[in-house]
>>> print(open('work23.cif').read())   # mmCIF, C-alpha atoms
data_structure
#
loop_
_atom_site.group_PDB
_atom_site.id
_atom_site.type_symbol
_atom_site.label_atom_id
_atom_site.label_comp_id
_atom_site.auth_asym_id
_atom_site.auth_seq_id
_atom_site.Cartn_x
_atom_site.Cartn_y
_atom_site.Cartn_z
ATOM 1 C CA ALA A 1423 10.735 19.905 0.494
ATOM 2 C CA ARG A 1424 11.385 20.639 4.152
ATOM 3 C CA ALA A 1425 7.715 20.089 4.993
ATOM 4 C CA HIS A 1426 7.799 16.737 3.183
ATOM 5 C CA MET A 1427 10.893 15.683 5.121
ATOM 6 C CA LEU A 1428 9.314 16.691 8.439
ATOM 7 C CA ARG A 1429 6.161 14.750 7.595
ATOM 8 C CA ALA A 1430 8.214 11.701 6.618
ATOM 9 C CA MET A 1431 10.095 11.891 9.916
ATOM 10 C CA THR A 1432 6.823 12.214 11.848
ATOM 11 C CA VAL A 1433 5.320 9.175 10.168
ATOM 12 C CA ALA A 1434 8.541 7.205 10.676
ATOM 13 C CA ILE A 1435 8.292 7.880 14.408
ATOM 14 C CA ALA A 1436 4.653 6.835 14.316
ATOM 15 C CA VAL A 1437 5.555 3.590 12.567
ATOM 16 C CA ALA A 1438 8.048 2.796 15.292
ATOM 17 C CA SER A 1439 5.452 3.622 17.950
ATOM 18 C CA THR A 1440 2.710 1.461 16.494
ATOM 19 C CA THR A 1441 5.193 -1.343 15.802
ATOM 20 C CA ALA A 1442 6.206 -1.381 19.446
ATOM 21 C CA ARG A 1443 2.562 -1.448 20.487
ATOM 22 C CA ALA A 1444 1.789 -4.277 18.049
ATOM 23 C CA ALA A 1445 4.577 -6.342 19.571
ATOM 24 C CA THR A 1446 2.598 -6.498 22.819
ATOM 25 C CA THR A 1447 -0.870 -7.019 21.335
ATOM 26 C CA THR A 1448 -2.505 -9.568 19.081
ATOM 27 C CA THR A 1449 -3.753 -8.284 15.741
ATOM 28 C CA THR A 1450 -6.372 -10.270 13.868
ATOM 29 C CA PRO A 1451 -6.464 -9.497 10.137
ATOM 30 C CA ARG A 1452 -9.798 -8.306 8.806
ATOM 31 C CA VAL A 1453 -11.764 -10.772 6.747
ATOM 32 C CA LEU A 1454 -11.562 -9.601 3.147
ATOM 33 C CA PRO A 1455 -12.908 -11.433 0.103
ATOM 34 C CA HIS A 1456 -10.309 -13.514 -1.720
ATOM 35 C CA TYR A 1457 -9.837 -13.544 -5.455
ATOM 36 C CA THR A 1458 -10.936 -16.569 -7.460
ATOM 37 C CA ALA A 1459 -10.195 -17.756 -10.971
ATOM 38 C CA ALA A 1460 -13.446 -16.112 -12.110
ATOM 39 C CA ALA A 1461 -11.976 -12.697 -11.258
ATOM 40 C CA ARG A 1462 -9.132 -13.073 -13.775
ATOM 41 C CA ARG A 1463 -8.646 -11.436 -17.152
ATOM 42 C CA CYS A 1464 -8.336 -7.693 -16.710
ATOM 43 C CA THR A 1465 -10.696 -6.114 -19.242
ATOM 44 C CA ALA A 1466 -9.337 -2.563 -19.168
ATOM 45 C CA SER A 1467 -7.185 -1.251 -21.990
ATOM 46 C CA GLN A 1468 -4.030 -3.217 -22.728
ATOM 47 C CA GLY A 1469 -1.910 -0.324 -21.507
ATOM 48 C CA ALA A 1470 -3.690 -0.320 -18.149
ATOM 49 C CA CYS A 1471 -3.394 -4.076 -17.635
ATOM 50 C CA SER A 1472 0.047 -4.995 -18.897
ATOM 51 C CA ALA A 1473 3.060 -4.753 -16.631
ATOM 52 C CA ARG A 1474 6.356 -3.099 -17.436
ATOM 53 C CA THR A 1475 9.099 -5.622 -16.710
ATOM 54 C CA LEU A 1476 12.324 -3.886 -15.766
ATOM 55 C CA VAL A 1477 15.742 -4.888 -14.505
ATOM 56 C CA ARG A 1478 16.517 -3.897 -10.954
ATOM 57 C CA SER A 1479 20.227 -3.245 -10.475
ATOM 58 C CA ALA A 1480 21.905 -4.239 -7.256
ATOM 59 C CA ALA A 1481 22.804 -1.340 -4.974
ATOM 60 C CA ASN A 1482 26.493 -2.227 -5.197
ATOM 61 C CA GLY A 1483 26.454 -2.356 -8.992
ATOM 62 C CA ASP A 1484 27.094 -6.103 -9.057
ATOM 63 C CA SER A 1485 25.276 -7.315 -12.174
ATOM 64 C CA SER A 1486 25.266 -10.871 -10.850
ATOM 65 C CA SER A 1487 22.977 -9.695 -8.034
ATOM 66 C CA SER A 1488 20.535 -7.916 -10.337
ATOM 67 C CA SER A 1489 16.911 -9.013 -10.525
ATOM 68 C CA SER A 1490 13.716 -7.904 -12.211
ATOM 69 C CA TYR A 1491 10.518 -6.259 -11.134
ATOM 70 C CA GLU A 1492 7.151 -5.617 -12.719
ATOM 71 C CA VAL A 1493 5.240 -2.354 -12.556
ATOM 72 C CA TYR A 1494 1.479 -2.608 -12.999
ATOM 73 C CA PRO A 1495 0.016 0.748 -14.100
ATOM 74 C CA VAL A 1496 -2.801 2.156 -11.959
ATOM 75 C CA ILE A 1497 -4.896 5.141 -12.910
ATOM 76 C CA GLY A 1498 -4.500 8.289 -10.810
ATOM 77 C CA ASP A 1499 -8.119 8.745 -9.774
ATOM 78 C CA GLY A 1500 -7.643 8.924 -6.006
ATOM 79 C CA ARG A 1501 -7.784 5.151 -5.549
ATOM 80 C CA CYS A 1502 -4.242 4.517 -6.764
ATOM 81 C CA LEU A 1503 -2.740 3.437 -3.428
ATOM 82 C CA PHE A 1504 -5.629 1.160 -2.522
ATOM 83 C CA ARG A 1505 -5.929 -0.220 -6.041
ATOM 84 C CA SER A 1506 -2.187 -0.925 -6.118
ATOM 85 C CA ILE A 1507 -2.566 -3.019 -2.968
ATOM 86 C CA ALA A 1508 -5.598 -4.736 -4.526
ATOM 87 C CA VAL A 1509 -3.460 -5.617 -7.555
ATOM 88 C CA GLY A 1510 -0.783 -6.993 -5.246
ATOM 89 C CA ARG A 1511 -3.313 -9.207 -3.496
ATOM 90 C CA ALA A 1512 -4.635 -10.526 -6.806
ATOM 91 C CA LEU A 1513 -1.132 -11.295 -8.052
ATOM 92 C CA ALA A 1514 -0.458 -13.200 -4.825
ATOM 93 C CA GLU A 1515 -3.743 -15.121 -4.891
ATOM 94 C CA ILE A 1516 -4.427 -15.858 -8.564
ATOM 95 C CA GLY A 1517 -1.168 -14.905 -10.271
ATOM 96 C CA GLU A 1518 -2.545 -12.073 -12.394
ATOM 97 C CA ARG A 1519 -4.659 -8.925 -12.290
ATOM 98 C CA ALA A 1520 -8.382 -9.131 -11.714
ATOM 99 C CA GLU A 1521 -10.996 -7.429 -13.865
ATOM 100 C CA GLU A 1522 -11.060 -3.652 -13.608
ATOM 101 C CA ILE A 1523 -14.379 -3.472 -11.768
ATOM 102 C CA GLN A 1524 -13.147 -6.019 -9.242
ATOM 103 C CA GLU A 1525 -10.026 -3.948 -8.600
ATOM 104 C CA VAL A 1526 -12.122 -0.827 -8.007
ATOM 105 C CA ILE A 1527 -14.422 -2.649 -5.584
ATOM 106 C CA GLU A 1528 -11.441 -4.111 -3.736
ATOM 107 C CA ALA A 1529 -9.788 -0.678 -3.561
ATOM 108 C CA ASP A 1530 -12.870 0.798 -1.918
ATOM 109 C CA VAL A 1531 -13.063 -2.096 0.549
ATOM 110 C CA LEU A 1532 -9.403 -1.566 1.478
ATOM 111 C CA ARG A 1533 -9.954 2.182 1.873
ATOM 112 C CA ALA A 1534 -12.887 1.635 4.234
ATOM 113 C CA ALA A 1535 -10.884 -0.894 6.244
ATOM 114 C CA ALA A 1536 -7.922 1.488 6.513
ATOM 115 C CA VAL A 1537 -10.137 4.306 7.787
ATOM 116 C CA ASP A 1538 -11.774 1.947 10.295
ATOM 117 C CA GLU A 1539 -8.312 0.956 11.474
ATOM 118 C CA LEU A 1540 -7.338 4.616 11.904
ATOM 119 C CA LEU A 1541 -10.429 5.203 14.016
ATOM 120 C CA GLU A 1542 -9.876 2.099 16.115
ATOM 121 C CA ARG A 1543 -6.245 3.104 16.724
ATOM 122 C CA ARG A 1544 -7.045 6.773 17.294
ATOM 123 C CA GLU A 1545 -5.079 6.916 20.521
ATOM 124 C CA ASP A 1546 -1.926 5.893 18.633
ATOM 125 C CA THR A 1547 -2.549 7.646 15.317
ATOM 126 C CA GLU A 1548 -4.283 10.967 15.955
ATOM 127 C CA TRP A 1549 -1.107 12.827 16.815
ATOM 128 C CA PHE A 1550 0.569 12.232 13.443
ATOM 129 C CA ILE A 1551 -2.481 13.160 11.329
ATOM 130 C CA GLU A 1552 -2.334 16.685 9.929
ATOM 131 C CA GLY A 1553 -5.307 18.831 10.927
ATOM 132 C CA ASP A 1554 -8.511 17.660 12.577
ATOM 133 C CA PHE A 1555 -8.523 13.871 12.953
ATOM 134 C CA GLU A 1556 -12.255 13.340 12.376
ATOM 135 C CA GLN A 1557 -12.274 15.606 9.336
ATOM 136 C CA TYR A 1558 -9.248 13.779 7.961
ATOM 137 C CA CYS A 1559 -10.996 10.411 8.321
ATOM 138 C CA ALA A 1560 -14.169 11.806 6.744
ATOM 139 C CA ARG A 1561 -12.188 13.095 3.746
ATOM 140 C CA MET A 1562 -10.323 9.805 3.435
ATOM 141 C CA GLN A 1563 -13.606 7.943 2.989
ATOM 142 C CA ALA A 1564 -14.175 9.712 -0.339
ATOM 143 C CA PRO A 1565 -13.024 7.638 -3.364
ATOM 144 C CA SER A 1566 -11.259 10.668 -4.875
ATOM 145 C CA THR A 1567 -9.013 11.274 -1.844
ATOM 146 C CA TRP A 1568 -5.437 10.049 -2.272
ATOM 147 C CA GLY A 1569 -4.100 7.756 0.421
ATOM 148 C CA GLY A 1570 -0.588 8.052 1.802
ATOM 149 C CA GLU A 1571 1.707 6.892 4.577
ATOM 150 C CA PRO A 1572 -0.920 6.715 7.360
ATOM 151 C CA GLU A 1573 -3.120 4.532 5.168
ATOM 152 C CA ILE A 1574 -0.214 2.274 4.166
ATOM 153 C CA LEU A 1575 0.548 1.759 7.836
ATOM 154 C CA MET A 1576 -3.105 0.960 8.605
ATOM 155 C CA LEU A 1577 -3.279 -1.465 5.677
ATOM 156 C CA THR A 1578 -0.417 -3.469 7.164
ATOM 157 C CA HIS A 1579 -2.683 -4.084 10.153
ATOM 158 C CA VAL A 1580 -5.741 -4.746 7.973
ATOM 159 C CA LEU A 1581 -3.837 -7.385 5.979
ATOM 160 C CA ALA A 1582 -1.479 -8.415 8.798
ATOM 161 C CA SER A 1583 1.339 -8.166 6.259
ATOM 162 C CA PRO A 1584 4.264 -5.805 5.650
ATOM 163 C CA ILE A 1585 4.099 -3.373 2.722
ATOM 164 C CA SER A 1586 7.246 -2.087 1.010
ATOM 165 C CA VAL A 1587 7.389 1.256 -0.778
ATOM 166 C CA PHE A 1588 9.863 1.925 -3.592
ATOM 167 C CA MET A 1589 10.768 4.734 -5.960
ATOM 168 C CA GLU A 1590 12.565 4.659 -9.299
ATOM 169 C CA VAL A 1591 15.614 6.925 -9.037
ATOM 170 C CA SER A 1592 17.880 7.389 -12.065
ATOM 171 C CA GLY A 1593 16.691 4.098 -13.514
ATOM 172 C CA GLU A 1594 17.184 2.144 -10.290
ATOM 173 C CA LEU A 1595 14.620 0.853 -7.816
ATOM 174 C CA LYS A 1596 15.178 2.316 -4.358
ATOM 175 C CA SER A 1597 13.444 1.254 -1.147
ATOM 176 C CA ILE A 1598 12.075 4.234 0.765
ATOM 177 C CA GLY A 1599 10.343 2.339 3.539
ATOM 178 C CA VAL A 1600 8.924 -0.922 4.853
ATOM 179 C CA TYR A 1601 5.774 -0.667 6.929
ATOM 180 C CA GLY A 1602 4.437 -3.365 9.243
ATOM 181 C CA GLU A 1603 7.735 -5.175 9.730
ATOM 182 C CA GLU A 1604 6.262 -6.853 12.810
ATOM 183 C CA TYR A 1605 4.308 -9.066 10.376
ATOM 184 C CA ALA A 1606 7.381 -10.175 8.422
ATOM 185 C CA GLU A 1607 7.375 -13.700 9.870
ATOM 186 C CA SER A 1608 3.628 -14.308 9.971
ATOM 187 C CA GLY A 1609 2.145 -12.117 7.230
ATOM 188 C CA GLN A 1610 -0.671 -13.288 4.964
ATOM 189 C CA TYR A 1611 1.203 -12.006 1.919
ATOM 190 C CA ASP A 1612 4.846 -12.003 0.926
ATOM 191 C CA ASN A 1613 6.377 -9.056 -0.889
ATOM 192 C CA LEU A 1614 3.379 -6.706 -1.043
ATOM 193 C CA ALA A 1615 4.927 -3.614 -2.591
ATOM 194 C CA VAL A 1616 3.979 -0.346 -4.258
ATOM 195 C CA LEU A 1617 5.904 2.077 -6.440
ATOM 196 C CA PHE A 1618 5.675 5.731 -5.381
ATOM 197 C CA HIS A 1619 5.989 8.278 -8.177
ATOM 198 C CA GLY A 1620 5.720 11.421 -6.064
ATOM 199 C CA ALA A 1621 2.785 13.850 -5.961
ATOM 200 C CA GLY A 1622 0.740 11.187 -4.173
ATOM 201 C CA HIS A 1623 0.658 8.637 -7.021
ATOM 202 C CA TYR A 1624 1.275 4.916 -6.540
ATOM 203 C CA GLU A 1625 1.370 1.901 -8.835
ATOM 204 C CA ALA A 1626 1.457 -1.818 -8.100
ATOM 205 C CA LEU A 1627 4.863 -3.442 -7.944
ATOM 206 C CA ARG A 1628 5.912 -7.089 -8.014
ATOM 207 C CA LEU A 1629 9.463 -8.075 -7.226
ATOM 208 C CA ILE A 1630 10.629 -11.114 -9.213
#
>>> encode(input="work23.cif", output="structure tokens")
Amino acid sequence: ARAHMLRAMTVAIAVASTTARAATTTTTPRVLPHYTAAARRCTASQGACSARTLVRSAANGDSSSSSSYEVYPVIGDGRCLFRSIAVGRALAEIGERAEEIQEVIEADVLRAAAVDELLERREDTEWFIEGDFEQYCARMQAPSTWGGEPEILMLTHVLASPISVFMEVSGELKSIGVYGEEYAESGQYDNLAVLFHGAGHYEALRLI
């Protein structure tokens, strides 16, 4: 637990560092393919496509301030973070999930872009990567490697949009971090969010 806390603190410092740097530079979002109506109709099993709609209680317990959120299940095959972001993009662009194969392709495109961003920002990112930087990037290129906080941070630059991370704690949705806040006013996407389950697993999240 202590190691996890130290890592979280290290990444938090890195987020602040890269945010400050971004404030003085111009970031151009990478050109990624957009979803079209033809990409609709998720064809995976019903359980993998359907969202769980849940009530999100207000932090102060005021039921009048409560809202809802949807959790879109994502398989834990190593792509979960990137696929969750792909789901978020599809929901923003076409209003629903894309076909399973399209999500997988998009996840791999996002992974490659995140690794490229890490390499391009090596001067700012190498110090908070555990172990050898080049080996880390090489491992991260494999589809079975789970992404985490460094990749979330890089994806905010790839998409020029903030990404919020939440956890469900005792039945309530808790924010554990917002990455890429420098894009809050000009981001391509509003409310890109993922749900972190621990042990490296993420699912797509839509706040309603």
>>> resolve_selection(input="work23.cif", expression="the PyMOL selection byres ((chain A and resi 1583-1590) around 8)", output="JSON, numbers by chain")
{"A": [1574, 1578, 1579, 1581, 1582, 1591, 1592, 1593, 1594, 1595, 1596, 1597, 1598, 1599, 1600, 1601, 1602, 1603, 1604, 1605, 1606, 1608, 1609, 1610, 1611, 1612, 1613, 1614, 1615, 1616, 1617, 1618, 1619]}
>>> atom_distance(input="work23.cif", atom1="atom CA of A:Asp1499", atom2="atom CA of A:Glu1548")
26.1 Å
>>> atom_distance(input="work23.cif", atom1="atom CA of A:Glu1545", atom2="atom CA of A:Pro1572")
13.8 Å
>>> atom_distance(input="work23.cif", atom1="atom CA of A:Glu1607", atom2="atom CA of A:Ala1512")
20.8 Å
>>> closest_residue(input="work23.cif", among="A:Ile1551, A:Leu1575, A:Val1493, A:Ala1535", to="A:Gly1510", atoms="only C-alpha atoms")
A:Val1493
>>> resolve_selection(input="work23.cif", expression="the PyMOL selection byres ((chain A and resi 1559-1567) around 12)", output="ChimeraX atom specification")
/A:1497-1505,1526-1542,1544,1547-1548,1551-1558,1568-1570,1572-1573,1622-1623
>>> decode(input="work23.cif", residues="stretch 1495-1507 of chain A", atoms="all heavy atoms", output="PDB file, in the first residue's frame")
ATOM      1  N   PRO A1495     -18.966  -2.039 -19.292  1.00  0.00           N
ATOM      2  CA  PRO A1495     -17.992  -3.091 -19.016  1.00  0.00           C
ATOM      3  C   PRO A1495     -16.949  -3.234 -20.127  1.00  0.00           C
ATOM      4  O   PRO A1495     -17.263  -3.137 -21.318  1.00  0.00           O
ATOM      5  CB  PRO A1495     -18.860  -4.357 -18.924  1.00  0.00           C
ATOM      6  CG  PRO A1495     -20.224  -3.857 -18.583  1.00  0.00           C
ATOM      7  CD  PRO A1495     -20.359  -2.555 -19.296  1.00  0.00           C
ATOM      8  N   VAL A1496     -15.711  -3.443 -19.730  1.00  0.00           N
ATOM      9  CA  VAL A1496     -14.603  -3.654 -20.657  1.00  0.00           C
ATOM     10  C   VAL A1496     -13.819  -4.858 -20.172  1.00  0.00           C
ATOM     11  O   VAL A1496     -13.536  -4.986 -18.983  1.00  0.00           O
ATOM     12  CB  VAL A1496     -13.684  -2.403 -20.718  1.00  0.00           C
ATOM     13  CG1 VAL A1496     -12.435  -2.692 -21.558  1.00  0.00           C
ATOM     14  CG2 VAL A1496     -14.442  -1.220 -21.297  1.00  0.00           C
ATOM     15  N   ILE A1497     -13.493  -5.734 -21.076  1.00  0.00           N
ATOM     16  CA  ILE A1497     -12.805  -6.966 -20.724  1.00  0.00           C
ATOM     17  C   ILE A1497     -11.390  -6.665 -20.226  1.00  0.00           C
ATOM     18  O   ILE A1497     -10.748  -5.744 -20.712  1.00  0.00           O
ATOM     19  CB  ILE A1497     -12.786  -7.903 -21.949  1.00  0.00           C
ATOM     20  CG1 ILE A1497     -12.889  -9.342 -21.566  1.00  0.00           C
ATOM     21  CG2 ILE A1497     -11.572  -7.727 -22.768  1.00  0.00           C
ATOM     22  CD1 ILE A1497     -13.126 -10.253 -22.748  1.00  0.00           C
ATOM     23  N   GLY A1498     -10.909  -7.449 -19.280  1.00  0.00           N
ATOM     24  CA  GLY A1498      -9.577  -7.237 -18.727  1.00  0.00           C
ATOM     25  C   GLY A1498      -8.510  -8.017 -19.456  1.00  0.00           C
ATOM     26  O   GLY A1498      -7.941  -8.971 -18.919  1.00  0.00           O
ATOM     27  N   ASP A1499      -8.232  -7.606 -20.702  1.00  0.00           N
ATOM     28  CA  ASP A1499      -7.262  -8.327 -21.526  1.00  0.00           C
ATOM     29  C   ASP A1499      -5.970  -7.548 -21.745  1.00  0.00           C
ATOM     30  O   ASP A1499      -5.166  -7.905 -22.605  1.00  0.00           O
ATOM     31  CB  ASP A1499      -7.884  -8.661 -22.890  1.00  0.00           C
ATOM     32  CG  ASP A1499      -8.284  -7.424 -23.675  1.00  0.00           C
ATOM     33  OD1 ASP A1499      -8.169  -6.304 -23.123  1.00  0.00           O
ATOM     34  OD2 ASP A1499      -8.709  -7.559 -24.835  1.00  0.00           O
ATOM     35  N   GLY A1500      -5.752  -6.498 -20.965  1.00  0.00           N
ATOM     36  CA  GLY A1500      -4.581  -5.657 -21.157  1.00  0.00           C
ATOM     37  C   GLY A1500      -4.899  -4.364 -21.875  1.00  0.00           C
ATOM     38  O   GLY A1500      -4.173  -3.387 -21.756  1.00  0.00           O
ATOM     39  N   ARG A1501      -6.000  -4.363 -22.634  1.00  0.00           N
ATOM     40  CA  ARG A1501      -6.401  -3.158 -23.372  1.00  0.00           C
ATOM     41  C   ARG A1501      -7.400  -2.301 -22.603  1.00  0.00           C
ATOM     42  O   ARG A1501      -7.877  -1.299 -23.124  1.00  0.00           O
ATOM     43  CB  ARG A1501      -7.058  -3.540 -24.699  1.00  0.00           C
ATOM     44  CG  ARG A1501      -6.156  -4.147 -25.754  1.00  0.00           C
ATOM     45  CD  ARG A1501      -6.939  -4.341 -27.049  1.00  0.00           C
ATOM     46  NE  ARG A1501      -6.111  -4.791 -28.148  1.00  0.00           N
ATOM     47  CZ  ARG A1501      -5.950  -6.063 -28.494  1.00  0.00           C
ATOM     48  NH1 ARG A1501      -6.564  -7.015 -27.782  1.00  0.00           N
ATOM     49  NH2 ARG A1501      -5.184  -6.400 -29.516  1.00  0.00           N
ATOM     50  N   CYS A1502      -7.747  -2.699 -21.379  1.00  0.00           N
ATOM     51  CA  CYS A1502      -8.922  -2.117 -20.729  1.00  0.00           C
ATOM     52  C   CYS A1502      -8.877  -0.595 -20.629  1.00  0.00           C
ATOM     53  O   CYS A1502      -9.881   0.069 -20.884  1.00  0.00           O
ATOM     54  CB  CYS A1502      -9.168  -2.743 -19.364  1.00  0.00           C
ATOM     55  SG  CYS A1502      -7.814  -2.539 -18.193  1.00  0.00           S
ATOM     56  N   LEU A1503      -7.736  -0.018 -20.272  1.00  0.00           N
ATOM     57  CA  LEU A1503      -7.658   1.441 -20.185  1.00  0.00           C
ATOM     58  C   LEU A1503      -7.904   2.075 -21.547  1.00  0.00           C
ATOM     59  O   LEU A1503      -8.745   2.975 -21.684  1.00  0.00           O
ATOM     60  CB  LEU A1503      -6.290   1.875 -19.656  1.00  0.00           C
ATOM     61  CG  LEU A1503      -6.004   3.379 -19.770  1.00  0.00           C
ATOM     62  CD1 LEU A1503      -6.998   4.189 -18.950  1.00  0.00           C
ATOM     63  CD2 LEU A1503      -4.575   3.686 -19.368  1.00  0.00           C
ATOM     64  N   PHE A1504      -7.199   1.604 -22.546  1.00  0.00           N
ATOM     65  CA  PHE A1504      -7.294   2.198 -23.879  1.00  0.00           C
ATOM     66  C   PHE A1504      -8.669   1.956 -24.497  1.00  0.00           C
ATOM     67  O   PHE A1504      -9.221   2.825 -25.171  1.00  0.00           O
ATOM     68  CB  PHE A1504      -6.181   1.648 -24.771  1.00  0.00           C
ATOM     69  CG  PHE A1504      -4.818   1.841 -24.177  1.00  0.00           C
ATOM     70  CD1 PHE A1504      -4.172   0.787 -23.542  1.00  0.00           C
ATOM     71  CD2 PHE A1504      -4.207   3.081 -24.200  1.00  0.00           C
ATOM     72  CE1 PHE A1504      -2.918   0.961 -22.965  1.00  0.00           C
ATOM     73  CE2 PHE A1504      -2.954   3.270 -23.620  1.00  0.00           C
ATOM     74  CZ  PHE A1504      -2.306   2.212 -23.006  1.00  0.00           C
ATOM     75  N   ARG A1505      -9.226   0.770 -24.241  1.00  0.00           N
ATOM     76  CA  ARG A1505     -10.558   0.487 -24.773  1.00  0.00           C
ATOM     77  C   ARG A1505     -11.610   1.324 -24.059  1.00  0.00           C
ATOM     78  O   ARG A1505     -12.590   1.757 -24.681  1.00  0.00           O
ATOM     79  CB  ARG A1505     -10.876  -1.000 -24.634  1.00  0.00           C
ATOM     80  CG  ARG A1505     -12.135  -1.402 -25.377  1.00  0.00           C
ATOM     81  CD  ARG A1505     -12.261  -2.903 -25.502  1.00  0.00           C
ATOM     82  NE  ARG A1505     -13.536  -3.269 -26.101  1.00  0.00           N
ATOM     83  CZ  ARG A1505     -13.946  -4.521 -26.280  1.00  0.00           C
ATOM     84  NH1 ARG A1505     -13.157  -5.523 -25.918  1.00  0.00           N
ATOM     85  NH2 ARG A1505     -15.121  -4.771 -26.809  1.00  0.00           N
ATOM     86  N   SER A1506     -11.418   1.584 -22.777  1.00  0.00           N
ATOM     87  CA  SER A1506     -12.363   2.433 -22.041  1.00  0.00           C
ATOM     88  C   SER A1506     -12.385   3.838 -22.637  1.00  0.00           C
ATOM     89  O   SER A1506     -13.459   4.448 -22.780  1.00  0.00           O
ATOM     90  CB  SER A1506     -11.980   2.494 -20.568  1.00  0.00           C
ATOM     91  OG  SER A1506     -12.141   1.237 -19.950  1.00  0.00           O
ATOM     92  N   ILE A1507     -11.210   4.361 -22.983  1.00  0.00           N
ATOM     93  CA  ILE A1507     -11.153   5.674 -23.618  1.00  0.00           C
ATOM     94  C   ILE A1507     -11.784   5.621 -25.007  1.00  0.00           C
ATOM     95  O   ILE A1507     -12.474   6.559 -25.430  1.00  0.00           O
ATOM     96  CB  ILE A1507      -9.701   6.177 -23.702  1.00  0.00           C
ATOM     97  CG1 ILE A1507      -9.111   6.337 -22.297  1.00  0.00           C
ATOM     98  CG2 ILE A1507      -9.623   7.491 -24.461  1.00  0.00           C
ATOM     99  CD1 ILE A1507      -9.817   7.353 -21.429  1.00  0.00           C
TER     100      ILE A1507
END
